[in-house]
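Report on the following structure.
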Amino acid sequence: MPVPRTLLAPLLGTLLLAHLPAASAGESTRLLWGDTHLHTSYSFDAFLNQNDSADPDTAYRWARGLPVIHPYTEARVQIGAPLDFLVVSDHAEAMGVLRAIVNGTEQFGEVSGWDWVRRWFAVTSIRLAMWSGNGPLIFKDLLPVKLVNWGDDPVLDPGNAPLNDMLGDLTPTVATSWAAVIDAAEANNRPGEFSALLGWEWSSIPAGANLHRVIVTPNGREQASQYLPFGSDQSQYPQDLWQWLQATAEASDSQFISIPHNSNISKGYMFDETNLRGEPMTSD
């Protein structure tokens, strides 16, 4: 059935109910199957856990039913029934950075002196760890620690680890990675057959309270090239994400939908009657 790229309807898990343009008077709602949450080698967790080869283009080709090489076994794999759509939703935070460091293609903002030494040490440590197969150990060390003050603002909690800034400004590498994601989506989108949707994951997890949201847009290169994905390294508060989405939608003529992810391990914060700062929820 035709699957226009401009389609954007409420999404839940891997199920999409979409209203397609009616080809006849009797045509209405269609049931489409796909995935809104898939990580590639551009996500730090996937890369640390041995996915160093399945990039966004590989993911879209797999979803279309084309044969690809499995990143772990290096076996040729192919999905039995092609999907109707796929959202490559890599983590916005440090998107593509670890992959670029190991491949020697990293780009960072200018630093000098002690900051240069700290960055050199971080880059060297990452490369040595990955080359020696210790990526999973690094991932384990990155897992959040225990929430100390239950019910209070988890962002300000003593258990919320501060952002590691040893690498400095990651924007150049993230921009290159996001451009590659856009390229992959454009190359694999097949109107009437397969929708390669753009998106990312906002990965706020203060003191282990999982507040992740998967962001999906039906738009393509023209709009997506005007911004970089908003990550929890910019703010861990959902309200700031929503404000960014609203402002960016207006500035770039885009559409977005934000899907809560892993709310069952949000320590109740996704279901509270107030926001993280303890303020009442409002329509704004």
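By order of appearance in the structure tokens: chains A, B, ..., then residues from 1 within every chain, and ligands from 1 in the order shown.
Excluding Ala129 in chain A itself and same-chain residues fewer than 6 positions from it, the residues having an atom within 12 Å of it are Phe47, Leu48, Asn49, Gln50, Leu98, Ile101, Val102, Ala122, Val123, Gly135, Pro136, Leu137, Ile138 and Phe139 of chain A, counting only C-alpha atoms.
Excluding Tyr42 in chain A and any residue on its chain fewer than 3 positions from it, the residues at most 7 Å away by only C-alpha atoms are Phe47, Asp55, Asp90, Met95, Gly96 and Arg99 of chain A.
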message: Write out as a PyMOL selection string the set of residues from range 23-151 of chain A that DSSP, computed on the backbone, places in strand (DSSP E).
response: chain A and resi 29-38+68-69+76-77+85-88
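The closest residue to Ser258 in chain A, picked from A:Glu186, A:His37, A:Asp57, A:Gly159 and counting only C-alpha atoms, is A:His37.
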Mind dumping a table of every range 186-255 of chain A residue within 7 Å of range 73-84 of chain A, with the nearest atom pair and its distance in Å to one decimal, using only C-alpha atoms, sorted by chain and rising number, as a tab-separated table?
```
residue	atom	partner	partner_atom	distance
A:Glu193	CA	A:Asp84	CA	6.9
A:Phe194	CA	A:Asp84	CA	5.0
A:Ser195	CA	A:Asp84	CA	6.4
```
